[in-house]
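Peer 1: Structure supplied as target27.cif; contents: mmCIF, C-alpha atoms.
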```cif
data_target
#
loop_
_atom_site.group_PDB
_atom_site.id
_atom_site.type_symbol
_atom_site.label_atom_id
_atom_site.label_comp_id
_atom_site.auth_asym_id
_atom_site.auth_seq_id
_atom_site.Cartn_x
_atom_site.Cartn_y
_atom_site.Cartn_z
ATOM 1 C CA MET A 1 0.000 0.000 0.000
ATOM 2 C CA SER A 2 1.342 3.430 -0.906
ATOM 3 C CA ALA A 3 2.672 5.720 1.799
ATOM 4 C CA GLU A 4 1.103 8.726 0.073
ATOM 5 C CA ALA A 5 -2.087 8.930 -1.959
ATOM 6 C CA PRO A 6 -1.318 8.666 -5.684
ATOM 7 C CA PRO A 7 -2.682 11.470 -7.844
ATOM 8 C CA PHE A 8 -6.167 10.892 -9.261
ATOM 9 C CA ASP A 9 -8.245 13.767 -10.570
ATOM 10 C CA GLN A 10 -11.356 14.283 -8.491
ATOM 11 C CA ALA A 11 -13.779 17.171 -8.308
ATOM 12 C CA ASP A 12 -14.509 18.872 -4.985
ATOM 13 C CA ALA A 13 -16.516 16.203 -3.195
ATOM 14 C CA ALA A 14 -17.084 17.979 0.122
ATOM 15 C CA ASP A 15 -20.851 17.423 -0.137
ATOM 16 C CA PHE A 16 -20.616 13.780 -1.188
ATOM 17 C CA PRO A 17 -23.074 11.767 0.937
ATOM 18 C CA PRO A 18 -21.218 8.925 2.693
ATOM 19 C CA CYS A 19 -22.173 5.278 2.458
ATOM 20 C CA GLU A 20 -21.128 2.172 4.323
ATOM 21 C CA ILE A 21 -20.786 -0.256 1.402
ATOM 22 C CA ALA A 22 -20.546 0.628 -2.293
ATOM 23 C CA LEU A 23 -20.973 -1.801 -5.163
ATOM 24 C CA VAL A 24 -18.600 -0.408 -7.766
ATOM 25 C CA THR A 25 -19.872 -0.304 -11.334
ATOM 26 C CA TRP A 26 -19.461 1.792 -14.508
ATOM 27 C CA GLU A 27 -21.472 4.519 -16.190
ATOM 28 C CA ASP A 28 -23.432 2.245 -18.544
ATOM 29 C CA LEU A 29 -24.731 0.323 -15.514
ATOM 30 C CA PRO A 30 -25.339 3.071 -12.914
ATOM 31 C CA ASP A 31 -27.656 0.729 -10.992
ATOM 32 C CA GLY A 32 -25.377 -2.263 -11.400
ATOM 33 C CA ALA A 33 -25.921 -5.459 -13.348
ATOM 34 C CA ALA A 34 -28.931 -7.681 -12.722
ATOM 35 C CA ASP A 35 -26.579 -10.117 -11.017
ATOM 36 C CA ASP A 36 -25.686 -7.444 -8.439
ATOM 37 C CA ARG A 37 -29.238 -6.905 -7.232
ATOM 38 C CA PRO A 38 -29.439 -9.918 -4.865
ATOM 39 C CA LEU A 39 -26.300 -8.691 -3.090
ATOM 40 C CA PHE A 40 -27.581 -5.111 -2.918
ATOM 41 C CA GLU A 41 -30.869 -6.292 -1.419
ATOM 42 C CA ALA A 42 -29.143 -8.636 1.047
ATOM 43 C CA LEU A 43 -27.020 -5.749 2.334
ATOM 44 C CA GLU A 44 -30.086 -3.513 2.653
ATOM 45 C CA ARG A 45 -31.862 -6.190 4.691
ATOM 46 C CA ARG A 46 -28.940 -6.033 7.120
ATOM 47 C CA GLY A 47 -29.558 -2.333 7.548
ATOM 48 C CA ARG A 48 -26.427 -1.311 5.688
ATOM 49 C CA GLN A 49 -26.270 1.938 3.774
ATOM 50 C CA VAL A 50 -25.404 0.640 0.298
ATOM 51 C CA ARG A 51 -25.123 2.381 -3.077
ATOM 52 C CA PHE A 52 -23.930 1.740 -6.590
ATOM 53 C CA LEU A 53 -21.003 4.018 -7.476
ATOM 54 C CA CYS A 54 -19.103 4.319 -10.763
ATOM 55 C CA TRP A 55 -15.358 3.800 -10.369
ATOM 56 C CA ASN A 56 -14.448 6.810 -12.551
ATOM 57 C CA ASP A 57 -17.072 9.221 -11.236
ATOM 58 C CA GLU A 58 -14.937 12.162 -10.117
ATOM 59 C CA THR A 59 -17.682 13.447 -7.812
ATOM 60 C CA VAL A 60 -17.239 10.446 -5.502
ATOM 61 C CA ASP A 61 -15.216 10.977 -2.336
ATOM 62 C CA TRP A 62 -13.962 7.453 -1.697
ATOM 63 C CA THR A 63 -12.795 8.372 1.821
ATOM 64 C CA ARG A 64 -16.483 8.521 2.710
ATOM 65 C CA VAL A 65 -17.118 4.969 1.516
ATOM 66 C CA GLY A 66 -16.618 2.274 4.137
ATOM 67 C CA VAL A 67 -16.098 -0.711 1.803
ATOM 68 C CA ALA A 68 -15.927 -0.573 -2.000
ATOM 69 C CA VAL A 69 -16.766 -3.913 -3.642
ATOM 70 C CA LEU A 70 -15.555 -4.331 -7.226
ATOM 71 C CA ARG A 71 -18.542 -5.595 -9.164
ATOM 72 C CA SER A 72 -19.482 -4.513 -12.698
ATOM 73 C CA THR A 73 -16.509 -2.304 -13.679
ATOM 74 C CA TRP A 74 -16.811 -3.639 -17.208
ATOM 75 C CA ASN A 75 -15.065 -0.836 -19.098
ATOM 76 C CA TYR A 76 -11.660 -1.046 -17.389
ATOM 77 C CA HIS A 77 -10.101 -2.776 -20.398
ATOM 78 C CA LYS A 78 -10.739 0.273 -22.585
ATOM 79 C CA GLN A 79 -8.716 2.531 -20.262
ATOM 80 C CA PRO A 80 -6.557 0.173 -18.195
ATOM 81 C CA GLU A 81 -4.005 2.769 -17.077
ATOM 82 C CA THR A 82 -6.779 5.023 -15.784
ATOM 83 C CA PHE A 83 -8.345 2.100 -13.946
ATOM 84 C CA LEU A 84 -5.005 1.136 -12.403
ATOM 85 C CA GLY A 85 -4.581 4.754 -11.315
ATOM 86 C CA TRP A 86 -7.975 4.635 -9.669
ATOM 87 C CA LEU A 87 -7.047 1.424 -7.859
ATOM 88 C CA ASP A 88 -3.870 3.063 -6.573
ATOM 89 C CA ALA A 89 -5.860 6.005 -5.204
ATOM 90 C CA ALA A 90 -8.847 4.021 -3.950
ATOM 91 C CA GLU A 91 -6.796 1.575 -1.871
ATOM 92 C CA PHE A 92 -5.485 4.607 0.030
ATOM 93 C CA GLN A 93 -8.972 6.038 0.563
ATOM 94 C CA THR A 94 -11.291 3.089 1.227
ATOM 95 C CA ARG A 95 -11.325 -0.678 1.771
ATOM 96 C CA LEU A 96 -11.364 -2.399 -1.622
ATOM 97 C CA VAL A 97 -12.810 -5.911 -2.010
ATOM 98 C CA ASN A 98 -11.180 -7.801 -3.602
ATOM 99 C CA SER A 99 -8.056 -5.785 -2.856
ATOM 100 C CA ALA A 100 -6.148 -3.543 -5.248
ATOM 101 C CA ALA A 101 -3.214 -5.975 -5.178
ATOM 102 C CA VAL A 102 -5.507 -8.814 -6.254
ATOM 103 C CA ALA A 103 -7.028 -6.679 -9.011
ATOM 104 C CA ARG A 104 -3.664 -5.551 -10.377
ATOM 105 C CA TRP A 105 -2.463 -9.164 -10.559
ATOM 106 C CA ASN A 106 -5.649 -10.583 -12.049
ATOM 107 C CA LEU A 107 -6.356 -7.898 -14.672
ATOM 108 C CA ASP A 108 -3.426 -9.092 -16.786
ATOM 109 C CA LYS A 109 -3.932 -12.662 -17.932
ATOM 110 C CA ARG A 110 -0.237 -13.365 -17.624
ATOM 111 C CA TYR A 111 -1.311 -14.560 -14.170
ATOM 112 C CA LEU A 112 -1.928 -17.856 -16.006
ATOM 113 C CA ARG A 113 1.847 -18.321 -16.152
ATOM 114 C CA ALA A 114 2.112 -18.009 -12.399
ATOM 115 C CA LEU A 115 -0.663 -20.534 -11.817
ATOM 116 C CA ALA A 116 0.845 -22.969 -14.325
ATOM 117 C CA ALA A 117 4.142 -22.690 -12.439
ATOM 118 C CA LYS A 118 2.212 -23.786 -9.331
ATOM 119 C CA GLY A 119 1.096 -26.935 -11.126
ATOM 120 C CA ILE A 120 -2.376 -25.810 -12.185
ATOM 121 C CA LEU A 121 -3.426 -27.222 -15.563
ATOM 122 C CA THR A 122 -4.127 -24.145 -17.695
ATOM 123 C CA THR A 123 -5.120 -23.573 -21.304
ATOM 124 C CA PRO A 124 -1.945 -23.522 -23.461
ATOM 125 C CA THR A 125 -1.126 -19.860 -24.047
ATOM 126 C CA VAL A 126 1.511 -17.839 -25.863
ATOM 127 C CA PHE A 127 1.916 -14.206 -24.821
ATOM 128 C CA VAL A 128 3.238 -11.789 -27.434
ATOM 129 C CA ASP A 129 4.859 -8.581 -26.242
ATOM 130 C CA ARG A 130 4.459 -5.174 -27.837
ATOM 131 C CA GLY A 131 6.478 -4.894 -31.037
ATOM 132 C CA ASP A 132 7.378 -8.595 -30.986
ATOM 133 C CA GLY A 133 7.373 -8.830 -34.795
ATOM 134 C CA ARG A 134 6.532 -12.529 -35.124
ATOM 135 C CA THR A 135 3.632 -13.457 -37.354
ATOM 136 C CA LEU A 136 0.691 -15.458 -36.117
ATOM 137 C CA ARG A 137 1.576 -18.234 -38.561
ATOM 138 C CA GLU A 138 5.119 -18.487 -37.162
ATOM 139 C CA ILE A 139 3.787 -18.903 -33.650
ATOM 140 C CA CYS A 140 1.136 -21.411 -34.718
ATOM 141 C CA GLU A 141 3.621 -23.550 -36.629
ATOM 142 C CA ILE A 142 5.865 -23.876 -33.578
ATOM 143 C CA ARG A 143 2.878 -25.001 -31.494
ATOM 144 C CA ASP A 144 1.234 -27.026 -34.285
ATOM 145 C CA TRP A 145 -1.974 -24.994 -33.912
ATOM 146 C CA ASN A 146 -4.355 -24.445 -36.816
ATOM 147 C CA ASP A 147 -7.361 -22.949 -35.016
ATOM 148 C CA VAL A 148 -6.640 -20.219 -32.497
ATOM 149 C CA VAL A 149 -8.127 -17.421 -30.425
ATOM 150 C CA VAL A 150 -6.232 -14.110 -30.319
ATOM 151 C CA LYS A 151 -6.990 -11.372 -27.801
ATOM 152 C CA PRO A 152 -5.319 -8.754 -25.581
ATOM 153 C CA ALA A 153 -3.829 -9.911 -22.292
ATOM 154 C CA VAL A 154 -5.991 -7.265 -20.607
ATOM 155 C CA SER A 155 -9.521 -7.740 -21.872
ATOM 156 C CA CYS A 156 -13.111 -8.047 -20.748
ATOM 157 C CA ALA A 157 -16.334 -9.424 -22.246
ATOM 158 C CA ALA A 158 -14.544 -10.801 -25.324
ATOM 159 C CA HIS A 159 -13.386 -7.327 -26.390
ATOM 160 C CA ASP A 160 -10.975 -7.609 -29.352
ATOM 161 C CA THR A 161 -11.210 -11.403 -29.101
ATOM 162 C CA GLN A 162 -11.280 -13.238 -32.437
ATOM 163 C CA ARG A 163 -10.903 -16.784 -33.672
ATOM 164 C CA PHE A 164 -8.836 -17.651 -36.747
ATOM 165 C CA ALA A 165 -8.410 -20.989 -38.512
ATOM 166 C CA ASP A 166 -6.547 -22.316 -41.550
ATOM 167 C CA ARG A 167 -5.844 -19.601 -44.157
ATOM 168 C CA ALA A 168 -7.343 -16.861 -41.999
ATOM 169 C CA ILE A 169 -4.326 -17.206 -39.700
ATOM 170 C CA ASP A 170 -2.086 -15.741 -42.420
ATOM 171 C CA ASP A 171 -4.071 -12.623 -43.269
ATOM 172 C CA GLU A 172 -6.897 -11.551 -40.933
ATOM 173 C CA GLY A 173 -5.267 -13.294 -37.973
ATOM 174 C CA ASP A 174 -1.866 -11.758 -38.450
ATOM 175 C CA ALA A 175 -3.394 -8.316 -38.955
ATOM 176 C CA HIS A 176 -5.360 -8.689 -35.720
ATOM 177 C CA LEU A 177 -2.267 -9.772 -33.794
ATOM 178 C CA ALA A 178 -0.250 -6.879 -35.211
ATOM 179 C CA ALA A 179 -2.990 -4.390 -34.320
ATOM 180 C CA ILE A 180 -3.039 -5.562 -30.704
ATOM 181 C CA THR A 181 0.748 -5.639 -30.261
ATOM 182 C CA GLN A 182 1.181 -2.098 -31.519
ATOM 183 C CA THR A 183 0.160 -0.908 -28.054
ATOM 184 C CA ARG A 184 -0.690 -3.957 -25.924
ATOM 185 C CA ILE A 185 0.397 -7.474 -25.016
ATOM 186 C CA ALA A 186 -1.499 -10.163 -26.912
ATOM 187 C CA MET A 187 -2.269 -13.755 -26.029
ATOM 188 C CA ILE A 188 -2.827 -16.697 -28.356
ATOM 189 C CA GLN A 189 -4.586 -19.896 -27.367
ATOM 190 C CA PRO A 190 -5.714 -22.926 -29.358
ATOM 191 C CA PHE A 191 -9.456 -23.017 -29.872
ATOM 192 C CA LEU A 192 -10.782 -25.834 -27.699
ATOM 193 C CA PRO A 193 -13.854 -27.595 -29.137
ATOM 194 C CA ALA A 194 -14.973 -28.457 -25.602
ATOM 195 C CA VAL A 195 -15.966 -24.798 -25.238
ATOM 196 C CA ASN A 196 -18.776 -25.464 -27.707
ATOM 197 C CA PHE A 197 -19.605 -29.094 -26.932
ATOM 198 C CA GLU A 198 -19.094 -29.201 -23.172
ATOM 199 C CA ARG A 199 -19.470 -25.453 -22.440
ATOM 200 C CA GLU A 200 -17.425 -23.593 -19.867
ATOM 201 C CA ARG A 201 -18.058 -24.439 -16.231
ATOM 202 C CA SER A 202 -17.959 -21.455 -13.882
ATOM 203 C CA LEU A 203 -17.550 -22.338 -10.210
ATOM 204 C CA MET A 204 -18.267 -19.595 -7.663
ATOM 205 C CA PHE A 205 -16.542 -19.215 -4.281
ATOM 206 C CA VAL A 206 -17.410 -16.920 -1.376
ATOM 207 C CA ALA A 207 -14.924 -16.501 1.498
ATOM 208 C CA GLY A 208 -12.985 -19.460 0.117
ATOM 209 C CA GLU A 209 -15.973 -21.825 0.188
ATOM 210 C CA TYR A 210 -17.499 -23.379 -2.900
ATOM 211 C CA SER A 211 -20.992 -21.991 -3.501
ATOM 212 C CA HIS A 212 -22.478 -22.992 -6.870
ATOM 213 C CA ALA A 213 -21.764 -23.429 -10.568
ATOM 214 C CA VAL A 214 -23.194 -22.625 -13.980
ATOM 215 C CA LEU A 215 -22.596 -23.720 -17.554
ATOM 216 C CA ARG A 216 -21.862 -20.844 -19.925
ATOM 217 C CA THR A 217 -21.642 -20.405 -23.670
ATOM 218 C CA ALA A 218 -18.379 -19.218 -25.215
ATOM 219 C CA PHE A 219 -17.570 -15.494 -24.923
ATOM 220 C CA ASN A 220 -20.477 -14.944 -22.521
ATOM 221 C CA PRO A 221 -19.675 -12.215 -19.955
ATOM 222 C CA GLY A 222 -22.421 -13.376 -17.612
ATOM 223 C CA GLY A 223 -25.196 -11.535 -15.813
ATOM 224 C CA GLU A 224 -28.324 -11.438 -17.970
ATOM 225 C CA HIS A 225 -26.923 -13.758 -20.630
ATOM 226 C CA SER A 226 -27.185 -17.455 -21.393
ATOM 227 C CA GLU A 227 -26.174 -19.697 -18.529
ATOM 228 C CA ASP A 228 -27.624 -22.722 -16.797
ATOM 229 C CA PRO A 229 -27.235 -23.949 -13.213
ATOM 230 C CA PHE A 230 -24.870 -26.903 -13.085
ATOM 231 C CA ASP A 231 -23.868 -29.562 -10.560
ATOM 232 C CA ALA A 232 -20.074 -29.481 -10.645
ATOM 233 C CA SER A 233 -18.311 -32.801 -10.110
ATOM 234 C CA ASP A 234 -16.114 -33.493 -7.106
ATOM 235 C CA ALA A 235 -13.087 -33.415 -9.418
ATOM 236 C CA GLU A 236 -14.052 -29.985 -10.743
ATOM 237 C CA ILE A 237 -14.644 -28.594 -7.258
ATOM 238 C CA ASP A 238 -11.329 -30.005 -6.018
ATOM 239 C CA PHE A 239 -9.514 -28.520 -9.021
ATOM 240 C CA ALA A 240 -11.125 -25.120 -8.437
ATOM 241 C CA ARG A 241 -10.102 -25.250 -4.764
ATOM 242 C CA GLU A 242 -6.518 -26.068 -5.757
ATOM 243 C CA THR A 243 -6.536 -23.146 -8.187
ATOM 244 C CA LEU A 244 -7.726 -20.742 -5.487
ATOM 245 C CA ALA A 245 -5.165 -22.075 -3.018
ATOM 246 C CA ALA A 246 -2.411 -21.504 -5.578
ATOM 247 C CA ALA A 247 -3.614 -17.948 -6.233
ATOM 248 C CA GLU A 248 -3.835 -17.144 -2.534
ATOM 249 C CA SER A 249 -0.312 -18.463 -1.958
ATOM 250 C CA ILE A 250 0.976 -16.184 -4.734
ATOM 251 C CA LEU A 251 -0.971 -13.163 -3.510
ATOM 252 C CA GLU A 252 -0.443 -13.936 0.177
ATOM 253 C CA GLU A 253 -4.018 -12.988 1.023
ATOM 254 C CA ARG A 254 -7.472 -14.501 1.207
ATOM 255 C CA LEU A 255 -10.021 -13.844 -1.496
ATOM 256 C CA ALA A 256 -13.493 -12.579 -0.631
ATOM 257 C CA TYR A 257 -14.983 -13.937 -3.841
ATOM 258 C CA ALA A 258 -13.750 -15.752 -6.916
ATOM 259 C CA ARG A 259 -14.961 -17.446 -10.063
ATOM 260 C CA VAL A 260 -13.037 -20.337 -11.574
ATOM 261 C CA ASP A 261 -13.777 -20.930 -15.273
ATOM 262 C CA LEU A 262 -12.761 -24.369 -16.510
ATOM 263 C CA ILE A 263 -13.452 -26.959 -19.177
ATOM 264 C CA PRO A 264 -13.021 -30.734 -19.243
ATOM 265 C CA SER A 265 -9.907 -32.087 -20.923
ATOM 266 C CA ALA A 266 -8.254 -35.471 -21.438
ATOM 267 C CA ASP A 267 -6.067 -34.669 -18.425
ATOM 268 C CA GLY A 268 -8.908 -33.530 -16.186
ATOM 269 C CA PRO A 269 -10.359 -30.076 -15.516
ATOM 270 C CA MET A 270 -8.411 -27.310 -17.278
ATOM 271 C CA LEU A 271 -8.394 -23.669 -16.200
ATOM 272 C CA MET A 272 -9.676 -21.150 -18.724
ATOM 273 C CA GLU A 273 -9.653 -18.102 -16.461
ATOM 274 C CA LEU A 274 -9.580 -17.215 -12.792
ATOM 275 C CA GLU A 275 -11.862 -14.197 -12.267
ATOM 276 C CA LEU A 276 -11.063 -12.184 -9.137
ATOM 277 C CA VAL A 277 -11.860 -8.577 -10.073
ATOM 278 C CA GLU A 278 -15.367 -8.029 -11.437
ATOM 279 C CA PRO A 279 -16.875 -11.378 -12.429
ATOM 280 C CA SER A 280 -20.540 -12.072 -12.584
ATOM 281 C CA LEU A 281 -21.043 -14.443 -9.668
ATOM 282 C CA PHE A 282 -24.434 -15.569 -10.984
ATOM 283 C CA LEU A 283 -26.058 -14.734 -7.671
ATOM 284 C CA ILE A 284 -29.434 -14.852 -9.389
ATOM 285 C CA HIS A 285 -29.023 -18.625 -9.433
ATOM 286 C CA ARG A 286 -28.320 -19.089 -5.720
ATOM 287 C CA ALA A 287 -29.839 -16.712 -3.201
ATOM 288 C CA GLN A 288 -27.707 -18.069 -0.350
ATOM 289 C CA ALA A 289 -24.540 -16.971 -2.138
ATOM 290 C CA ALA A 290 -25.717 -13.346 -1.956
ATOM 291 C CA GLU A 291 -26.485 -13.782 1.749
ATOM 292 C CA ASP A 292 -23.063 -15.293 2.437
ATOM 293 C CA LEU A 293 -21.265 -12.518 0.563
ATOM 294 C CA ALA A 294 -23.341 -9.877 2.348
ATOM 295 C CA ASP A 295 -22.360 -11.396 5.714
ATOM 296 C CA LEU A 296 -18.698 -11.291 4.710
ATOM 297 C CA LEU A 297 -18.859 -7.683 3.514
ATOM 298 C CA GLU A 298 -20.675 -6.549 6.636
ATOM 299 C CA GLY A 299 -17.957 -8.199 8.702
ATOM 300 C CA ILE A 300 -15.261 -6.396 6.727
ATOM 301 C CA TRP A 301 -17.100 -3.101 7.173
ATOM 302 C CA ARG A 302 -17.334 -3.641 10.937
ATOM 303 C CA THR A 303 -13.826 -4.895 11.619
ATOM 304 C CA ALA A 304 -11.354 -3.864 8.921
ATOM 305 C CA PRO A 305 -8.849 -1.144 9.885
ATOM 306 C CA PRO A 306 -9.388 2.238 8.228
ATOM 307 C CA PRO A 307 -7.408 3.060 5.086
ATOM 308 C CA PRO A 308 -4.423 5.422 5.366
ATOM 309 C CA ALA A 309 -6.387 8.507 4.306
ATOM 310 C CA LEU A 310 -8.674 8.115 7.334
ATOM 311 C CA GLU A 311 -5.792 7.222 9.654
ATOM 312 C CA ARG A 312 -4.167 10.511 8.662
ATOM 313 C CA GLY A 313 -7.159 12.477 9.855
ATOM 314 C CA ARG A 314 -9.634 12.524 6.976
ATOM 315 C CA ARG A 315 -12.826 11.454 8.689
ATOM 316 C CA SER A 316 -15.967 9.991 7.271
ATOM 317 C CA SER A 317 -19.295 10.727 8.937
ATOM 318 C CA TRP A 318 -20.942 7.320 8.706
#
```
How would this structure read if it were set down as structure tokens?

Peer 2:
Amino acid sequence: MSAEAPPFDQADAADFPPCEIALVTWEDLPDGAADDRPLFEALERRGRQVRFLCWNDETVDWTRVGVAVLRSTWNYHKQPETFLGWLDAAEFQTRLVNSAAVARWNLDKRYLRALAAKGILTTPTVFVDRGDGRTLREICEIRDWNDVVVKPAVSCAAHDTQRFADRAIDDEGDAHLAAITQTRIAMIQPFLPAVNFERERSLMFVAGEYSHAVLRTAFNPGGEHSEDPFDASDAEIDFARETLAAAESILEERLAYARVDLIPSADGPMLMELELVEPSLFLIHRAQAAEDLADLLEGIWRTAPPPPALERGRRSSW
């Protein structure tokens, strides 16, 4: 945590009404996603003062927010440096859940390397740095891939994610890779047919405990989209627990919530993504999950130490 608050432009917020718990969203969803409503209502039933706040709303005084829960901040990938700057400022001003350190690590999908190094079976991935110069065909030939997905390493809701096969790898695919790596790090993965035939399995965890699971279609960001409740197998739950344990050992902190996206493979469950920042938790499919998360957040609000800005004398009135 920074010793001094990093700069982040903010309008005079002297009249900003305080709140105990904020569910952090973005301007296109000022009232949050549908999947956030069960949590909002569970917190209200506990008598907590809860509001939806947009992460980049400069009228918000985050020192007057008790706990800020990252929920539907689904535009961060379009301005990642600005979002990282907000995280740096917000962790000084309020209690972020999950934490800023978790968010910074998980926003960049190179975290998959770290999990693979811990022995977690992950989707084969090649990361391509800015200005790398290699063509998509060159990379595919080394890996013997002929059907691939190319996307930025920092992405959300399938933004700039495209699939290329056969001849398309040489023209459209290479152009897409080059466009990404002009300014960003790209990632290349083989297209896995199980995504279509088996569908992704998303397993939700609250306070480290398995809660529920859904089946999702490919490139589905969640929330109001196509998903079906699913009874995860013992092997899938065990794999998801191992993945979370590996992440927590790397981060050296516990996770308030997490979503583990996996697919079946010949070698067992395989990790697609570990979502720790702003995943849909599909709370609309299990009411108890919203209650459990509300209990956890209320406990954090009651017991967590104040952030540095409040310790230094900036007081909130709640």

Peer 1: Around (0.6, -13.8, -29.2) in the file's own coordinates, what residues are found within 8 Å if you use all atoms listed in the file, given back as a ChimeraX atom specification?

Peer 2: /A:126-129,136,139,150,177,185-188

Peer 1: Might you spell out which residues the PyMOL selection byres ((chain A and resi 274-279) around 10) would select in the displayed file, as a count of residues only?

Peer 2: 49

Peer 1: What is the CA of His77 (chain A)-CA of Thr161 (chain A) distance in Å, reported with one decimal?

Peer 2: 12.3 Å

Peer 1: I need the residue nearest Leu29 (chain A) from this list: A:Asp15, A:Gly131, A:Asn75, A:Asp61. Use only C-alpha atoms for the distance.

Peer 2: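 Looking at the shortest contact to Leu29 (chain A), the residue is A:Asn75.
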
Peer 1: Would you kindly return, as a list in words, each protein, DNA or RNA residue with an atom no farther than 9 Å from any atom of Val195 (chain A), considering all atoms listed in the file and excluding same-chain residues fewer than 6 positions away?

Peer 2: Arg216, Thr217, Ala218, Ile263 and Pro264 of chain A

Peer 1: Residues as selected, C-alpha atoms, written as a compact mmCIF listing (two decimals), keeping the file's coordinate frame, can you do that?

Peer 2:
```
# COMPACT_ATOMS: atom_id res chain seq x y z
CA ARG A 216 -21.86 -20.84 -19.92
CA THR A 217 -21.64 -20.40 -23.67
CA ALA A 218 -18.38 -19.22 -25.22
CA ILE A 263 -13.45 -26.96 -19.18
CA PRO A 264 -13.02 -30.73 -19.24
```

Peer 1: Measuring atom to atom with all atoms listed in the file, identify which of A:Val206, A:Leu53, A:Ala68, A:Ala235 is nearest to Ala290 (chain A).

Peer 2: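 Among A:Val206, A:Leu53, A:Ala68, A:Ala235, it is A:Val206 that comes nearest to Ala290 (chain A).
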
Peer 1: Calculate how many Å separate CA of Ala175 (chain A) from CA of Ser155 (chain A), rounding to one decimal.

Peer 2: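 Between CA of Ala175 (chain A) and CA of Ser155 (chain A) the gap is 18.2 Å.
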
Peer 1: Around the point (-0.7, -26.7, -17.7) (coordinates from the file), which residues reach within 12 Å if we count only C-alpha atoms? Answer as an NGL selection string.

Peer 2: :A and (112-125 or 243 or 265 or 267-272)

Peer 1: Which of these, A:Asp174, A:Glu291, A:Ile180, A:Cys140, has the shortest distance to Pro152 (chain A) once you count only C-alpha atoms?

Peer 2: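 Between A:Asp174, A:Glu291, A:Ile180, A:Cys140, the residue approaching Pro152 (chain A) most closely is A:Ile180.
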
Peer 1: So, with all atoms listed in the file as the atoms that count, which of A:Asp144, A:Ala179, A:Pro229, A:His212 lies closest to Arg130 (chain A)?

Peer 2: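 Of the candidates, the smallest distance to Arg130 (chain A) is held by A:Ala179.
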
Peer 1: Could you state the separation of CA of Glu81 (chain A) and CA of Asp108 (chain A) in Å, given to one decimal place?

Peer 2: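 Here the two named atoms are 11.9 Å from each other.
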
Peer 1: Quick one: apply the PyMOL selection byres ((chain A and resi 149) around 6) to the file and drop the selected residues here as a JSON list (two decimals) with C-alpha atoms, in the coordinates of the input.

Peer 2:
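Contents of result-v7.json, freshly written:
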```
[["chain", "number", "residue", "atom", "x", "y", "z"],
["A", 148, "VAL", "CA", -6.64, -20.22, -32.50],
["A", 150, "VAL", "CA", -6.23, -14.11, -30.32],
["A", 162, "GLN", "CA", -11.28, -13.24, -32.44],
["A", 163, "ARG", "CA", -10.90, -16.78, -33.67],
["A", 188, "ILE", "CA", -2.83, -16.70, -28.36],
["A", 189, "GLN", "CA", -4.59, -19.90, -27.37],
["A", 191, "PHE", "CA", -9.46, -23.02, -29.87]]
```

Peer 1: Excluding Leu296 (chain A) and any residue of its chain fewer than 3 positions from it, enumerate the residues within 8 Å of it, using all atoms listed in the file, and give them as a ChimeraX atom specification.

Peer 2: /A:207,256,292-293,299-300

Peer 1: Out of A:Glu200, A:Phe83, A:Gly208, A:Glu298, which residue has the shortest atom-to-atom distance to Glu253 (chain A) when counting all atoms listed in the file?

Peer 2: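 Nearest candidate to Glu253 (chain A) out of A:Glu200, A:Phe83, A:Gly208, A:Glu298: A:Gly208.
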
Peer 1: Do you know which residues the PyMOL selection byres ((chain A and resi 146) around 6) returns on this file, as an MDAnalysis selection string?

Peer 2: chainID A and resid 145 147 165:166

Peer 1: What's the 6 Å shell around Phe230 (chain A), counting all atoms listed in the file, without same-chain residues fewer than 5 positions away, as a PyMOL selection string?

Peer 2: chain A and resi 213-215

Peer 1: For each of A:Gly173, A:Gly85, A:Pro307, A:Pro18, take the minimum atom-to-atom distance to Arg48 (chain A), counting all atoms listed in the file, then give the residue where this is smallest.

Peer 2: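 Using all atoms listed in the file, Arg48 (chain A) sits closest to A:Pro18.
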